[in-house]
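Engineer: Following this message is one structure expressed as structure tokens.
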Amino acid sequence: MEKLTVKQQEKLVQQLLKMGENCIYSGAEIKRVEDMINFTGYSYGAKNVNVFVITSCIILTLNFEDNQVTSTKRIRQFGYIDLTRLEKLNALSRKLCKKPIGVDELETEVDKIVECNQNMKELFIGDLLSSGAFALFFGGNLYDVIFASLVGILVFLMQKYIEPICMNSMVFKFVGCFFTGLITCFLAYLIPQCHQDILTIAEVMLFIPGVMFTNSLRDTLLGDTLSGALRFIEATLLAGAVVFGFFASMYIFKGLFLL
């Protein structure tokens, strides 16, 4: 690998920050992000790499023979859990560790991965199959499986059209769970063969922040206590929004129809 100019070094730092940011967006644990930035930085000739990552910020310093570059990336929100994007970024990092490419080419490769939107068809199929499978898993009958799957389609539509206009994930969790809860209550009320508890728990599984909670425990066990605590608090708040959303819908439905 040829020696990088100062301008290339600065661009490299920005691309590493972009890779780390999108790994966090996609649901990566902190150690994975730090290792990826560390290994990639060394592969480009850095003599020392210092990276500090929490869920809301990345601070990176690359020390070269003749220069030091430091930059900070503020992370303000989380995106979808996108394991496909995460795997592509990991694959790119492994490729760079074996054979680094030009910084301009690296920028092109990173942008290509980052700009690739989540496959809506896959998300649709996932919501459809997951909700029906959970209804079956929790002991539901054929009616429960069918209508849970149909409600899963409505959850997908909310994820596609309502989530982008919500202020943050907590607002969407509450709004999405509120309307989902109302729909499941109506279905159980109109169709005696459906069980409201089965329909509700099948749809709850689409909203719970399971990956975030798991990563919070993993970060804590790996020594990233601050990041683990931040993720645990956020996962708890999101879970609370899910609970209050379904509770509010059931309370209102009971007041309107079961007086």
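Numbering starts fresh at 1 for the residues of each chain in the structure tokens, the chains themselves are lettered A, B, ... in the order given, and ligands are numbered from 1 as they appear.
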Find the spatial neighbours of stretch 139-141 of chain A, counting only C-alpha atoms, within a cut-off of 9 Å - ignore same-chain residues fewer than 3 positions away - and output them as a list in words.

Structural biologist: Phe134, Ala135, Leu136, Asp144, Val145, Ile146, Gln193, Cys194, His195, Ile198 and Leu199 of chain A

Engineer: Any chance you could export the current selection's N, CA, C and O atoms as a PDB file, in the first residue's frame?

Structural biologist:
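Final output, saved to selection_27.pdb:
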```pdb
ATOM      1  N   PHE A 134     -45.421 -16.985  15.074  1.00  0.00           N
ATOM      2  CA  PHE A 134     -45.519 -16.780  16.515  1.00  0.00           C
ATOM      3  C   PHE A 134     -46.908 -17.154  17.032  1.00  0.00           C
ATOM      4  O   PHE A 134     -47.044 -17.702  18.133  1.00  0.00           O
ATOM      5  N   ALA A 135     -47.934 -16.854  16.242  1.00  0.00           N
ATOM      6  CA  ALA A 135     -49.285 -17.253  16.649  1.00  0.00           C
ATOM      7  C   ALA A 135     -49.380 -18.770  16.771  1.00  0.00           C
ATOM      8  O   ALA A 135     -49.965 -19.301  17.732  1.00  0.00           O
ATOM      9  N   LEU A 136     -48.793 -19.487  15.824  1.00  0.00           N
ATOM     10  CA  LEU A 136     -48.787 -20.947  15.876  1.00  0.00           C
ATOM     11  C   LEU A 136     -47.938 -21.437  17.049  1.00  0.00           C
ATOM     12  O   LEU A 136     -48.331 -22.368  17.761  1.00  0.00           O
ATOM     13  N   ASP A 144     -56.207 -17.899  14.182  1.00  0.00           N
ATOM     14  CA  ASP A 144     -55.198 -17.031  14.794  1.00  0.00           C
ATOM     15  C   ASP A 144     -54.009 -16.820  13.862  1.00  0.00           C
ATOM     16  O   ASP A 144     -53.509 -15.703  13.713  1.00  0.00           O
ATOM     17  N   VAL A 145     -53.553 -17.905  13.232  1.00  0.00           N
ATOM     18  CA  VAL A 145     -52.393 -17.818  12.341  1.00  0.00           C
ATOM     19  C   VAL A 145     -52.709 -16.929  11.145  1.00  0.00           C
ATOM     20  O   VAL A 145     -51.903 -16.055  10.767  1.00  0.00           O
ATOM     21  N   ILE A 146     -53.877 -17.124  10.548  1.00  0.00           N
ATOM     22  CA  ILE A 146     -54.239 -16.352   9.354  1.00  0.00           C
ATOM     23  C   ILE A 146     -54.369 -14.871   9.679  1.00  0.00           C
ATOM     24  O   ILE A 146     -53.790 -14.006   8.994  1.00  0.00           O
ATOM     25  N   GLN A 193     -63.656 -17.231  16.837  1.00  0.00           N
ATOM     26  CA  GLN A 193     -62.630 -18.271  16.756  1.00  0.00           C
ATOM     27  C   GLN A 193     -61.219 -17.735  17.045  1.00  0.00           C
ATOM     28  O   GLN A 193     -60.302 -18.510  17.308  1.00  0.00           O
ATOM     29  N   CYS A 194     -61.042 -16.423  16.968  1.00  0.00           N
ATOM     30  CA  CYS A 194     -59.742 -15.813  17.237  1.00  0.00           C
ATOM     31  C   CYS A 194     -59.553 -15.575  18.729  1.00  0.00           C
ATOM     32  O   CYS A 194     -60.514 -15.269  19.447  1.00  0.00           O
ATOM     33  N   HIS A 195     -58.353 -15.712  19.200  1.00  0.00           N
ATOM     34  CA  HIS A 195     -58.013 -15.466  20.594  1.00  0.00           C
ATOM     35  C   HIS A 195     -57.203 -14.176  20.694  1.00  0.00           C
ATOM     36  O   HIS A 195     -56.124 -14.074  20.097  1.00  0.00           O
ATOM     37  N   ILE A 198     -53.532 -14.505  21.897  1.00  0.00           N
ATOM     38  CA  ILE A 198     -52.609 -15.068  20.908  1.00  0.00           C
ATOM     39  C   ILE A 198     -52.266 -14.031  19.841  1.00  0.00           C
ATOM     40  O   ILE A 198     -51.090 -13.856  19.471  1.00  0.00           O
ATOM     41  N   LEU A 199     -53.296 -13.335  19.331  1.00  0.00           N
ATOM     42  CA  LEU A 199     -53.048 -12.312  18.319  1.00  0.00           C
ATOM     43  C   LEU A 199     -52.142 -11.203  18.854  1.00  0.00           C
ATOM     44  O   LEU A 199     -51.227 -10.742  18.174  1.00  0.00           O
TER      45      LEU A 199
END
```

Engineer: Determine, counting only C-alpha atoms, which protein, DNA and RNA residues have an atom within 6 Å of an atom of stretch 175-177 of chain A; residues of the same chain fewer than 6 positions away are not included. Present the result as a list in words.

Structural biologist: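 Returned residues: Val242, Gly245 and Phe246 of chain A.
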
Engineer: Grab the atom CA of A:Val53 to atom CA of A:Gln118 distance for me, in Å with one decimal place.

Structural biologist: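 It comes out at 24.6 Å.
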
Engineer: So that I can see what lies close to A:Glu34, please list as a short mmCIF file (atom, residue, chain, number, x, y, z; two decimals) with N, CA and C atoms, in the first residue's frame the residues with an atom at most 9 Å from it, counting only C-alpha atoms and leaving out residues fewer than 4 positions away in the same chain.

Structural biologist:
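Just written: result-v5.cif:
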```
data_model
loop_
_atom_site.label_atom_id
_atom_site.label_comp_id
_atom_site.auth_asym_id
_atom_site.auth_seq_id
_atom_site.Cartn_x
_atom_site.Cartn_y
_atom_site.Cartn_z
N GLY A 20 -18.34 2.68 10.68
CA GLY A 20 -18.72 2.41 12.06
C GLY A 20 -20.12 2.88 12.38
N ILE A 30 -20.73 -3.03 20.12
CA ILE A 30 -19.66 -2.05 20.15
C ILE A 30 -18.31 -2.67 19.81
N ASN A 38 -10.34 -0.62 13.97
CA ASN A 38 -8.94 -0.87 14.32
C ASN A 38 -8.20 -1.61 13.22
N PHE A 39 -8.71 -2.76 12.82
CA PHE A 39 -8.03 -3.59 11.83
C PHE A 39 -7.90 -2.87 10.48
N VAL A 51 -9.68 4.30 19.00
CA VAL A 51 -11.09 4.49 18.69
C VAL A 51 -11.92 4.27 19.94
N PHE A 52 -12.85 5.17 20.15
CA PHE A 52 -13.78 5.08 21.27
C PHE A 52 -15.19 5.13 20.71
N VAL A 53 -15.97 4.10 21.02
CA VAL A 53 -17.31 3.99 20.45
C VAL A 53 -18.33 3.79 21.57
#
```

Engineer: Ranking A:Leu226, A:Gly126, A:Met19, A:Ala148 by minimum distance to A:Ala91 and counting only C-alpha atoms, which one comes first?

Structural biologist: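 Checking each candidate against A:Ala91, we get A:Met19 as the closest.
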
Engineer: Calculated over only C-alpha atoms, which of the candidates A:Asp104, A:Glu29, A:Asp35, A:Glu234 has the smallest distance to A:Lys7?

Structural biologist: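 Of all the options, A:Asp104 lies closest to A:Lys7.
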
Engineer: Determine which residues of stretch 6-251 of chain A DSSP labels as strand (DSSP E or B) from the backbone of this structure, then write them out as number ranges by chain.

Structural biologist: A: 48-54, 57-63, 68-74

Engineer: Mind running stretch 174-236 of chain A against stretch 66-89 of chain A at 10 Å and telling me each contacting residue's nearest atom pair with the distance in Å (one decimal), counting only C-alpha atoms, chain and number ascending, as JSON lines?

Structural biologist:
```
{"residue": "A:Pro209", "atom": "CA", "partner": "A:Ile81", "partner_atom": "CA", "distance": 9.7}
{"residue": "A:Val211", "atom": "CA", "partner": "A:Ile81", "partner_atom": "CA", "distance": 7.9}
{"residue": "A:Met212", "atom": "CA", "partner": "A:Ile81", "partner_atom": "CA", "distance": 9.0}
```

Engineer: To one decimal place, how far is atom CA of A:Leu62 from atom CA of A:Val49 in Å?

Structural biologist: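 For atom CA of A:Leu62 relative to atom CA of A:Val49, the distance reads 4.9 Å.
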
Engineer: Which residues are near A:Ala241? Cut-off 9 Å, only C-alpha atoms, ignore same chain within fewer than 2 positions. Put them as a VMD selection string.

Structural biologist: chain A and resid 170 to 175 177 236 to 239 243 to 246

Engineer: Kindly export the residues of the current selection with N, CA, C and O atoms, as a tab-separated table (two decimals), in the first residue's frame.

Structural biologist:
```
chain	number	residue	atom	x	y	z
A	170	MET	N	-39.35	5.62	19.84
A	170	MET	CA	-40.29	5.43	20.93
A	170	MET	C	-41.70	5.86	20.52
A	170	MET	O	-42.69	5.19	20.84
A	171	VAL	N	-41.79	6.98	19.80
A	171	VAL	CA	-43.10	7.44	19.33
A	171	VAL	C	-43.71	6.42	18.38
A	171	VAL	O	-44.90	6.08	18.48
A	172	PHE	N	-42.89	5.90	17.46
A	172	PHE	CA	-43.43	4.91	16.53
A	172	PHE	C	-43.87	3.64	17.24
A	172	PHE	O	-44.90	3.06	16.90
A	173	LYS	N	-43.07	3.18	18.22
A	173	LYS	CA	-43.45	1.98	18.96
A	173	LYS	C	-44.82	2.16	19.60
A	173	LYS	O	-45.67	1.27	19.54
A	174	PHE	N	-45.03	3.32	20.23
A	174	PHE	CA	-46.31	3.56	20.89
A	174	PHE	C	-47.45	3.63	19.88
A	174	PHE	O	-48.49	2.97	20.04
A	175	VAL	N	-47.27	4.43	18.82
A	175	VAL	CA	-48.32	4.60	17.82
A	175	VAL	C	-48.61	3.27	17.11
A	175	VAL	O	-49.77	2.87	16.95
A	177	CYS	N	-48.01	0.17	18.13
A	177	CYS	CA	-48.62	-0.81	19.03
A	177	CYS	C	-50.05	-0.43	19.38
A	177	CYS	O	-50.91	-1.30	19.56
A	236	THR	N	-35.21	-0.65	27.34
A	236	THR	CA	-36.26	-0.64	28.37
A	236	THR	C	-37.33	0.39	28.04
A	236	THR	O	-38.54	0.13	28.18
A	237	LEU	N	-36.92	1.58	27.60
A	237	LEU	CA	-37.88	2.62	27.24
A	237	LEU	C	-38.72	2.20	26.04
A	237	LEU	O	-39.94	2.44	26.01
A	238	LEU	N	-38.09	1.57	25.05
A	238	LEU	CA	-38.85	1.11	23.88
A	238	LEU	C	-39.83	0.00	24.26
A	238	LEU	O	-40.96	-0.03	23.77
A	239	ALA	N	-39.39	-0.90	25.14
A	239	ALA	CA	-40.29	-1.95	25.61
A	239	ALA	C	-41.47	-1.34	26.36
A	239	ALA	O	-42.61	-1.80	26.25
A	243	VAL	N	-45.54	-1.70	25.64
A	243	VAL	CA	-46.52	-2.08	26.66
A	243	VAL	C	-47.64	-1.03	26.75
A	243	VAL	O	-48.83	-1.37	26.73
A	244	PHE	N	-47.28	0.23	26.85
A	244	PHE	CA	-48.28	1.29	26.99
A	244	PHE	C	-49.13	1.42	25.74
A	244	PHE	O	-50.32	1.75	25.82
A	245	GLY	N	-48.54	1.17	24.56
A	245	GLY	CA	-49.32	1.24	23.33
A	245	GLY	C	-50.42	0.19	23.29
A	245	GLY	O	-51.58	0.50	23.01
A	246	PHE	N	-50.08	-1.06	23.61
A	246	PHE	CA	-51.09	-2.11	23.63
A	246	PHE	C	-52.07	-1.92	24.77
A	246	PHE	O	-53.27	-2.16	24.62
```

Engineer: Which distance in Å separates atom CA of A:Thr55 and atom CA of A:Arg32, to one decimal?

Structural biologist: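 Going from atom CA of A:Thr55 over to atom CA of A:Arg32 covers 12.4 Å.
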
Engineer: Find the residues near A:Ser227: any atom within 10 Å, counting only C-alpha atoms, skip ones fewer than 2 places away on the same chain, and give them as a list in words.

Structural biologist: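 Residues meeting the cut-off are Glu29, Ile30, Val53, Ile54, Thr55, Ser56, Asn215, Ser216, Leu217, Arg218, Asp219, Thr220, Gly223, Asp224, Thr225, Ala229, Leu230, Arg231, Phe232 and Ile233 of chain A.
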
Engineer: May I have the selected residues written with N, CA and C atoms, as a compact mmCIF listing (two decimals), in the first residue's frame?

Structural biologist:
```txt
# COMPACT_ATOMS: atom_id res chain seq x y z
N GLU A 29 -22.80 -4.79 17.72
CA GLU A 29 -22.33 -4.53 19.07
C GLU A 29 -21.08 -3.66 19.01
N ILE A 30 -20.73 -3.03 20.12
CA ILE A 30 -19.66 -2.05 20.15
C ILE A 30 -18.31 -2.67 19.81
N VAL A 53 -15.97 4.10 21.02
CA VAL A 53 -17.31 3.99 20.45
C VAL A 53 -18.33 3.79 21.57
N ILE A 54 -19.37 4.60 21.55
CA ILE A 54 -20.57 4.33 22.31
C ILE A 54 -21.74 4.44 21.34
N THR A 55 -22.92 4.17 21.78
CA THR A 55 -24.05 4.11 20.85
C THR A 55 -24.38 5.47 20.24
N SER A 56 -23.92 6.56 20.83
CA SER A 56 -24.25 7.89 20.32
C SER A 56 -23.06 8.65 19.77
N ASN A 215 -27.71 -6.99 22.66
CA ASN A 215 -26.44 -6.28 22.49
C ASN A 215 -26.03 -5.53 23.75
N SER A 216 -27.02 -5.04 24.50
CA SER A 216 -26.69 -4.34 25.75
C SER A 216 -26.03 -5.29 26.74
N LEU A 217 -26.53 -6.52 26.81
CA LEU A 217 -25.92 -7.51 27.70
C LEU A 217 -24.54 -7.91 27.19
N ARG A 218 -24.43 -8.09 25.90
CA ARG A 218 -23.14 -8.50 25.33
C ARG A 218 -22.09 -7.40 25.54
N ASP A 219 -22.48 -6.14 25.29
CA ASP A 219 -21.54 -5.03 25.50
C ASP A 219 -21.07 -4.98 26.94
N THR A 220 -22.00 -5.19 27.87
CA THR A 220 -21.65 -5.15 29.29
C THR A 220 -20.67 -6.27 29.64
N GLY A 223 -17.12 -5.69 28.60
CA GLY A 223 -16.42 -4.58 29.24
C GLY A 223 -16.84 -3.21 28.78
N ASP A 224 -17.71 -3.11 27.79
CA ASP A 224 -18.21 -1.81 27.33
C ASP A 224 -19.43 -1.43 28.16
N THR A 225 -19.18 -1.13 29.43
CA THR A 225 -20.27 -0.94 30.39
C THR A 225 -21.13 0.26 30.04
N ALA A 229 -25.04 0.03 29.22
CA ALA A 229 -26.05 0.72 30.04
C ALA A 229 -26.95 1.59 29.17
N LEU A 230 -26.35 2.30 28.21
CA LEU A 230 -27.15 3.16 27.33
C LEU A 230 -28.13 2.34 26.50
N ARG A 231 -27.65 1.23 25.97
CA ARG A 231 -28.53 0.39 25.16
C ARG A 231 -29.62 -0.26 26.01
N PHE A 232 -29.26 -0.65 27.24
CA PHE A 232 -30.25 -1.26 28.11
C PHE A 232 -31.36 -0.27 28.46
N ILE A 233 -30.98 0.97 28.74
CA ILE A 233 -31.97 2.00 29.06
C ILE A 233 -32.88 2.25 27.86
```

Engineer: I want to know what sits within 12 Å of A:Leu256, based on only C-alpha atoms, with residues of the same chain fewer than 6 positions away left out; could you give that as a list of chain:residue names?

Structural biologist: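 With the cut-off at 12 Å, the set is A:Leu182, A:Cys185, A:Phe186, A:Ser249, A:Met250.
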
Engineer: Which residue out of A:Tyr25, A:Phe138, A:Gly41, A:Phe178 has the minimum interatomic distance to A:Tyr251 when only C-alpha atoms are used?

Structural biologist: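 Among A:Tyr25, A:Phe138, A:Gly41, A:Phe178, it is A:Phe178 that comes nearest to A:Tyr251.
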
Engineer: Set the distance at 6 Å and use only C-alpha atoms: which residues neighbour A:Ser149 once local chain neighbours fewer than 6 positions away are removed? I'd like the list as a list in words.

Structural biologist: Leu128, Ser131 and Gly132 of chain A

Engineer: Hey, which of A:Leu92, A:Glu203, A:Met36, A:Phe156 ends up closest to A:Thr108? Count only C-alpha atoms.

Structural biologist: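 That would be A:Leu92, the residue with the smallest distance to A:Thr108.
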
Engineer: Once DSSP has gone over the backbone, tell me which residues of stretch 144-241 of chain A are in alpha helix (DSSP H), as a ChimeraX atom specification.

Structural biologist: /A:144-161,169-190,196-204,210-221,225-241
